[in-house]
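Below is the file target_2.cif, which contains mmCIF, C-alpha atoms.
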```
data_query
loop_
_atom_site.label_atom_id
_atom_site.label_comp_id
_atom_site.auth_asym_id
_atom_site.auth_seq_id
_atom_site.Cartn_x
_atom_site.Cartn_y
_atom_site.Cartn_z
CA MET A 290 59.28 257.43 273.18
CA ARG A 291 60.63 254.63 275.33
CA ALA A 292 61.33 251.29 273.66
CA GLN A 293 58.71 249.29 275.55
CA TYR A 294 55.93 251.52 274.17
CA TRP A 295 56.97 251.57 270.52
CA PHE A 296 55.16 248.47 269.39
CA ALA A 297 51.99 249.31 271.31
CA ALA A 298 51.93 252.74 269.67
CA ALA A 299 52.33 251.17 266.24
CA LEU A 300 49.47 248.76 266.86
CA LEU A 301 47.19 251.59 267.92
CA ALA A 302 47.93 253.25 264.59
CA ALA A 303 47.36 250.07 262.58
CA PRO A 304 43.99 249.72 260.85
CA PHE A 305 43.47 246.12 262.01
CA ALA A 306 43.93 246.96 265.69
CA ALA A 307 40.34 248.14 265.97
CA ALA A 308 39.11 244.72 264.83
CA THR A 309 39.93 243.10 268.17
CA ALA A 310 38.36 239.68 268.63
CA THR A 311 36.63 240.19 271.97
CA ASP A 312 35.42 236.59 272.24
CA PHE A 313 38.91 235.12 272.20
CA ASP A 314 39.64 232.99 275.28
CA ARG A 315 43.27 233.78 276.00
CA ARG A 316 43.43 231.89 279.29
CA PRO A 317 44.81 228.58 277.87
CA LEU A 318 47.51 230.45 275.94
CA GLU A 319 48.51 232.55 278.94
CA ALA A 320 48.53 229.50 281.22
CA ALA A 321 50.81 227.59 278.85
CA PHE A 322 53.07 230.58 278.19
CA PRO A 323 52.92 232.96 281.20
CA ASP A 324 55.53 235.35 279.79
CA LEU A 325 53.77 235.76 276.45
CA GLU A 326 52.74 239.34 275.67
CA ILE A 327 49.63 239.54 273.48
CA ALA A 328 49.63 242.89 271.69
CA ALA A 329 46.62 242.50 269.38
CA VAL A 330 44.01 239.95 268.28
CA ALA A 331 42.01 240.12 265.07
CA PRO A 332 40.13 237.75 262.76
CA SER A 333 42.40 236.06 260.23
CA THR A 334 41.51 235.38 256.62
CA VAL A 335 40.93 231.69 257.45
CA GLU A 336 38.35 230.40 259.93
CA PRO A 337 38.49 229.25 262.68
CA TRP A 338 41.89 230.83 263.27
CA LEU A 339 42.41 234.22 264.87
CA GLU A 340 45.51 236.26 264.16
CA VAL A 341 47.47 237.09 267.31
CA VAL A 342 50.30 239.62 267.22
CA LEU A 343 52.76 239.23 270.08
CA GLY A 344 54.68 242.04 271.72
CA SER A 345 57.82 240.79 270.01
CA GLY A 346 56.21 241.39 266.61
CA GLN A 347 55.70 237.68 265.92
CA VAL A 348 52.43 236.62 264.28
CA ILE A 349 50.73 233.38 265.37
CA TYR A 350 47.26 231.89 264.90
CA VAL A 351 44.96 230.67 267.68
CA THR A 352 41.50 229.12 267.75
CA ARG A 353 38.79 231.14 269.50
CA ASP A 354 38.71 228.71 272.43
CA GLY A 355 42.46 229.25 272.86
CA GLU A 356 43.13 225.51 272.82
CA HIS A 357 45.13 225.28 269.58
CA VAL A 358 48.03 227.39 268.32
CA LEU A 359 49.51 227.49 264.84
CA THR A 360 52.95 228.96 264.19
CA GLY A 361 54.60 229.43 260.83
CA SER A 362 53.37 230.92 257.57
CA LEU A 363 49.79 230.99 256.37
CA ILE A 364 49.89 230.73 252.58
CA SER A 365 47.13 231.44 250.11
CA LEU A 366 47.23 229.39 246.90
CA ARG A 367 44.76 231.47 244.87
CA PRO A 368 46.71 233.62 244.26
CA VAL A 369 49.93 232.25 245.73
CA GLU A 370 50.86 234.62 248.55
CA ASN A 371 52.45 234.33 251.96
CA LEU A 372 49.77 236.01 254.08
CA THR A 373 51.81 235.88 257.27
CA GLU A 374 54.76 237.64 255.68
CA ARG A 375 52.41 240.23 254.23
CA ARG A 376 51.10 240.93 257.74
CA ARG A 377 54.65 241.17 259.06
CA ASP A 378 55.39 243.67 256.30
CA GLU A 379 52.41 245.76 257.37
CA LEU A 380 53.51 245.64 261.01
CA ARG A 381 57.06 246.72 260.12
CA GLN A 382 55.75 249.56 257.95
CA THR A 383 53.44 250.78 260.72
CA LEU A 384 56.12 250.47 263.38
CA ILE A 385 58.64 252.44 261.32
CA GLU A 386 56.10 255.20 260.69
CA ALA A 387 55.21 255.39 264.39
CA ALA A 388 58.59 254.97 266.05
CA LEU A 389 61.45 255.83 263.72
CA PRO A 390 63.75 258.36 265.45
CA ALA A 391 64.30 261.65 263.66
CA ASP A 392 68.07 261.76 264.13
CA LEU A 393 69.08 258.87 261.88
CA PHE A 394 72.10 258.63 259.64
CA GLU A 395 70.56 259.51 256.30
CA TYR A 396 72.11 259.45 252.82
CA ALA A 397 69.58 260.99 250.46
CA ALA A 398 69.80 260.30 246.74
CA PRO A 399 69.83 263.44 244.56
CA ASP A 400 66.98 262.05 242.45
CA ALA A 401 65.44 259.63 244.93
CA ARG A 402 62.50 257.59 243.73
CA ASN A 403 62.58 255.22 246.68
CA GLN A 404 63.94 255.12 250.21
CA VAL A 405 65.02 252.10 252.20
CA THR A 406 65.79 251.67 255.88
CA VAL A 407 68.95 249.62 256.40
CA VAL A 408 69.69 248.00 259.75
CA THR A 409 73.46 248.11 260.02
CA ASP A 410 76.49 247.56 262.24
CA ILE A 411 79.77 249.44 261.79
CA ASP A 412 81.81 246.27 262.35
CA CYS A 413 79.81 244.12 259.90
CA LEU A 414 81.79 243.32 256.73
CA TYR A 415 78.83 243.29 254.36
CA CYS A 416 77.40 246.44 256.00
CA ARG A 417 80.63 248.17 255.06
CA ARG A 418 80.43 246.81 251.53
CA LEU A 419 76.89 248.17 251.19
CA HIS A 420 77.95 251.56 252.50
CA GLN A 421 80.90 251.76 250.12
CA GLN A 422 78.43 251.39 247.23
CA MET A 423 76.25 254.29 248.36
CA ALA A 424 76.81 256.22 245.13
CA GLU A 425 75.60 253.20 243.14
CA TYR A 426 72.41 252.96 245.21
CA HIS A 427 71.88 256.66 244.57
CA ASP A 428 72.36 256.05 240.86
CA GLN A 429 69.43 253.63 241.11
CA GLY A 430 67.33 256.39 242.70
CA ILE A 431 67.48 254.77 246.14
CA GLY A 432 68.00 256.84 249.28
CA VAL A 433 69.32 255.09 252.39
CA ARG A 434 68.72 255.75 256.07
CA TYR A 435 70.33 253.65 258.76
CA LEU A 436 69.07 252.05 261.93
CA MET A 437 72.05 251.05 264.04
CA LEU A 438 72.07 247.53 265.48
CA PRO A 439 75.43 246.93 267.20
CA ARG A 440 75.27 243.13 267.28
CA ALA A 441 77.59 242.91 270.27
CA GLY A 442 75.05 244.87 272.30
CA ILE A 443 74.76 248.12 274.20
CA ASP A 444 78.11 249.57 275.38
CA SER A 445 80.08 247.28 273.04
CA ALA A 446 82.90 248.63 270.87
CA SER A 447 80.50 248.78 267.90
CA TYR A 448 77.97 250.69 269.98
CA ARG A 449 80.60 253.24 271.06
CA LYS A 450 81.67 253.72 267.43
CA ALA A 451 78.08 254.41 266.40
CA GLN A 452 77.69 256.79 269.31
CA ALA A 453 80.87 258.64 268.36
CA ALA A 454 79.61 259.06 264.79
CA ALA A 455 76.20 260.24 265.99
CA CYS A 456 77.83 262.88 268.21
CA ALA A 457 80.06 264.29 265.46
CA ALA A 458 79.42 267.67 263.83
CA ASP A 459 78.72 265.85 260.55
CA PRO A 460 77.32 262.45 261.58
CA GLU A 461 77.02 261.05 258.05
CA ALA A 462 80.64 261.91 257.18
CA ALA A 463 81.80 260.50 260.52
CA LEU A 464 79.92 257.26 259.95
CA THR A 465 81.50 256.92 256.52
CA ARG A 466 84.94 257.27 258.10
CA ALA A 467 84.06 254.65 260.71
CA MET A 468 82.74 252.30 258.01
CA ASN A 469 86.10 252.71 256.27
CA GLY A 470 87.90 251.57 259.42
CA GLU A 471 88.93 254.96 260.76
CA ALA A 472 88.94 255.32 264.53
CA LEU A 473 86.72 258.07 265.90
CA PRO A 474 87.21 259.80 269.25
CA GLU A 475 84.69 258.53 271.78
CA ALA A 476 81.92 260.98 272.61
CA ASN A 477 78.79 261.28 274.72
CA CYS A 478 75.75 263.26 273.62
CA GLU A 479 72.01 262.99 273.26
CA HIS A 480 71.50 260.26 270.70
CA THR A 481 69.14 257.40 269.84
CA ILE A 482 71.57 254.53 269.26
CA ALA A 483 70.07 252.51 272.13
CA GLU A 484 66.56 253.23 270.85
CA GLN A 485 67.57 252.26 267.33
CA HIS A 486 69.01 249.01 268.68
CA ALA A 487 65.72 248.20 270.43
CA LEU A 488 63.61 249.20 267.43
CA SER A 489 65.66 246.94 265.13
CA GLN A 490 64.84 244.01 267.38
CA ARG A 491 61.14 244.93 267.36
CA LEU A 492 61.29 244.88 263.56
CA GLN A 493 62.26 241.19 263.73
CA VAL A 494 65.75 241.83 262.41
CA THR A 495 68.16 239.09 263.44
CA GLY A 496 71.31 240.08 261.55
CA THR A 497 73.00 242.82 259.60
CA PRO A 498 72.72 244.19 257.05
CA ALA A 499 68.95 244.01 256.74
CA ILE A 500 67.01 246.15 254.29
CA ILE A 501 63.43 247.25 254.91
CA LEU A 502 61.55 248.53 251.88
CA GLU A 503 58.92 251.26 252.06
CA SER A 504 56.26 248.52 251.95
CA GLY A 505 57.72 247.03 255.13
CA ARG A 506 59.15 244.05 253.28
CA LEU A 507 62.35 242.78 254.88
CA LEU A 508 65.38 241.62 252.91
CA GLN A 509 67.87 239.89 255.18
CA GLY A 510 71.50 240.22 254.17
CA TYR A 511 73.46 242.25 251.62
CA VAL A 512 71.62 243.17 248.41
CA GLY A 513 73.52 244.95 245.64
CA PRO A 514 72.24 248.18 244.02
CA GLU A 515 70.80 246.72 240.80
CA ARG A 516 69.17 243.80 242.53
CA LEU A 517 67.71 246.08 245.21
CA ALA A 518 66.17 248.27 242.52
CA ALA A 519 64.61 245.13 241.01
CA GLU A 520 63.31 243.98 244.41
CA ILE A 521 61.65 247.35 244.95
CA GLN A 522 59.83 246.98 241.63
CA ARG A 523 58.47 243.52 242.47
CA GLY A 524 54.80 243.01 243.23
CA PRO A 525 53.38 241.28 246.33
CA ARG A 526 55.56 238.59 247.82
CA VAL A 527 54.76 234.96 247.03
CA ALA A 528 55.12 231.80 249.07
CA GLY A 529 58.75 231.02 249.72
CA SER A 530 60.00 234.46 248.73
CA ARG A 531 62.43 236.45 250.87
#
```

Take the structure from the file and write it as structure tokens.
Amino acid sequence: MRAQYWFAAALLAAPFAAATATDFDRRPLEAAFPDLEIAAVAPSTVEPWLEVVLGSGQVIYVTRDGEHVLTGSLISLRPVENLTERRRDELRQTLIEAALPADLFEYAAPDARNQVTVVTDIDCLYCRRLHQQMAEYHDQGIGVRYLMLPRAGIDSASYRKAQAAACAADPEAALTRAMNGEALPEANCEHTIAEQHALSQRLQVTGTPAIILESGRLLQGYVGPERLAAEIQRGPRVAGSR
């Protein structure tokens, strides 16, 4: 599936997409921001605001007349919960289920109880540190699959390294060698590195490593094995949480 259709497909699969607010006047918003792509509109938990999901994955709030826009986090105090982050989690979870390529680098734990999706870059220092601890994540019952996000962009040195690993006979072993600093012979084959790069951006990932839990919750930055296991066991996020 081409990158520009991923997010639309995810929204069609999302349960809230059917609750489109048909009486929303989008003309003021579109006049003020002509390049804005509105992917979905639904009632929010707080009147008079409507929840608007943009094509980029960002969540904003707009009044029904379209005259006022609220950006930032909507927080419930009873109980304390960041409602905007919860929605972003749901969007990430849905998008991963709808658009995750099949040919990922995957390191399954022998006794996996949980699986995380890690957005990574071969030339990222803390990405390499995370990868070198793979056995310790497995000891915590955590399986890891990678989405490649070469931060230097498509056709950069990092991109070509990821492509070379993806084209190898044993992609996971090749990626481990690349993460350890070994040079791989350049190769061209059918792969999804460019699609993974685009999907990572749709998931609102801005840096590497980034860890996405099965709930869709995003942890930006390196998280060690024991702490990651604890994060997985946490309940719903609260205001101010990562």

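If all atoms listed in the file are the atoms counted, then among A:Asp392, A:Asp459, A:Glu515, A:Asp412 the closest residue to Glu425 (chain A) is A:Glu515.
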
Nearest-residue call for Thr497 (chain A), choices A:Ala455, A:Cys478, A:Ala483, A:Met437, using all atoms listed in the file: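 Checking each candidate against Thr497 (chain A), we get A:Met437 as the closest.
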
Selected residue, from A:Ser489, A:Asn469, A:Gln429, A:Gln522, that lies nearest to Thr406 (chain A) when counting all atoms listed in the file: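 Of A:Ser489, A:Asn469, A:Gln429, A:Gln522, the one nearest Thr406 (chain A), counting all atoms listed in the file, is A:Ser489.
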
Using all atoms listed in the file: which of A:Glu503, A:Glu461, A:Glu520, A:Asp314 has the shortest distance to Leu384 (chain A):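 Among the listed residues, the smallest separation from Leu384 (chain A) belongs to A:Glu503.
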
Reference answer for the PyMOL selection byres ((chain A and resi 490-496) around 8), as a ChimeraX atom specification: /A:296,345-347,381,384,408,440,486-489,497-499,509-510

Interatomic distance (Å, one decimal) between CA of Ala518 (chain A) and CA of Glu374 (chain A):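 Distance reported for this atom pair: 20.4 Å.
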
Selection result for the PyMOL selection byres ((chain A and resi 466) around 12) on this file, as an MDAnalysis selection string: chainID A and resid 411 417 420:421 450:451 453:454 457 459:465 467:474

Option closest in space to Ile431 (chain A), from A:Ala331, A:Ala401, A:Leu508, A:Cys416 [counting only C-alpha atoms]: A:Ala401

Residues selected by the PyMOL selection byres ((chain A and resi 352) around 10), written as an MDAnalysis selection string: chainID A and resid 313:315 336:341 350:351 353:359

If you take every atom of region 435-441 of chain A that the file lists and fit an axis-aligned box around them with 3 Å extra on each side, what centre and edge lengths come out in Å to one decimal, as AutoDock Vina command-line options?
```
--center_x 73.3 --center_y 248.3 --center_z 264.5 --size_x 14.5 --size_y 16.7 --size_z 17.5
```

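Remark: for Ser504 (chain A), the closest of the candidate residues A:Val348, A:Leu343, A:Leu380, A:Val433 is A:Leu380 (distances computed over all atoms listed in the file).
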
Pairwise distance for CA of Leu436 (chain A) and CA of Glu475 (chain A), rounded to one decimal in Å: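 Going from CA of Leu436 (chain A) over to CA of Glu475 (chain A), I get 19.6 Å.
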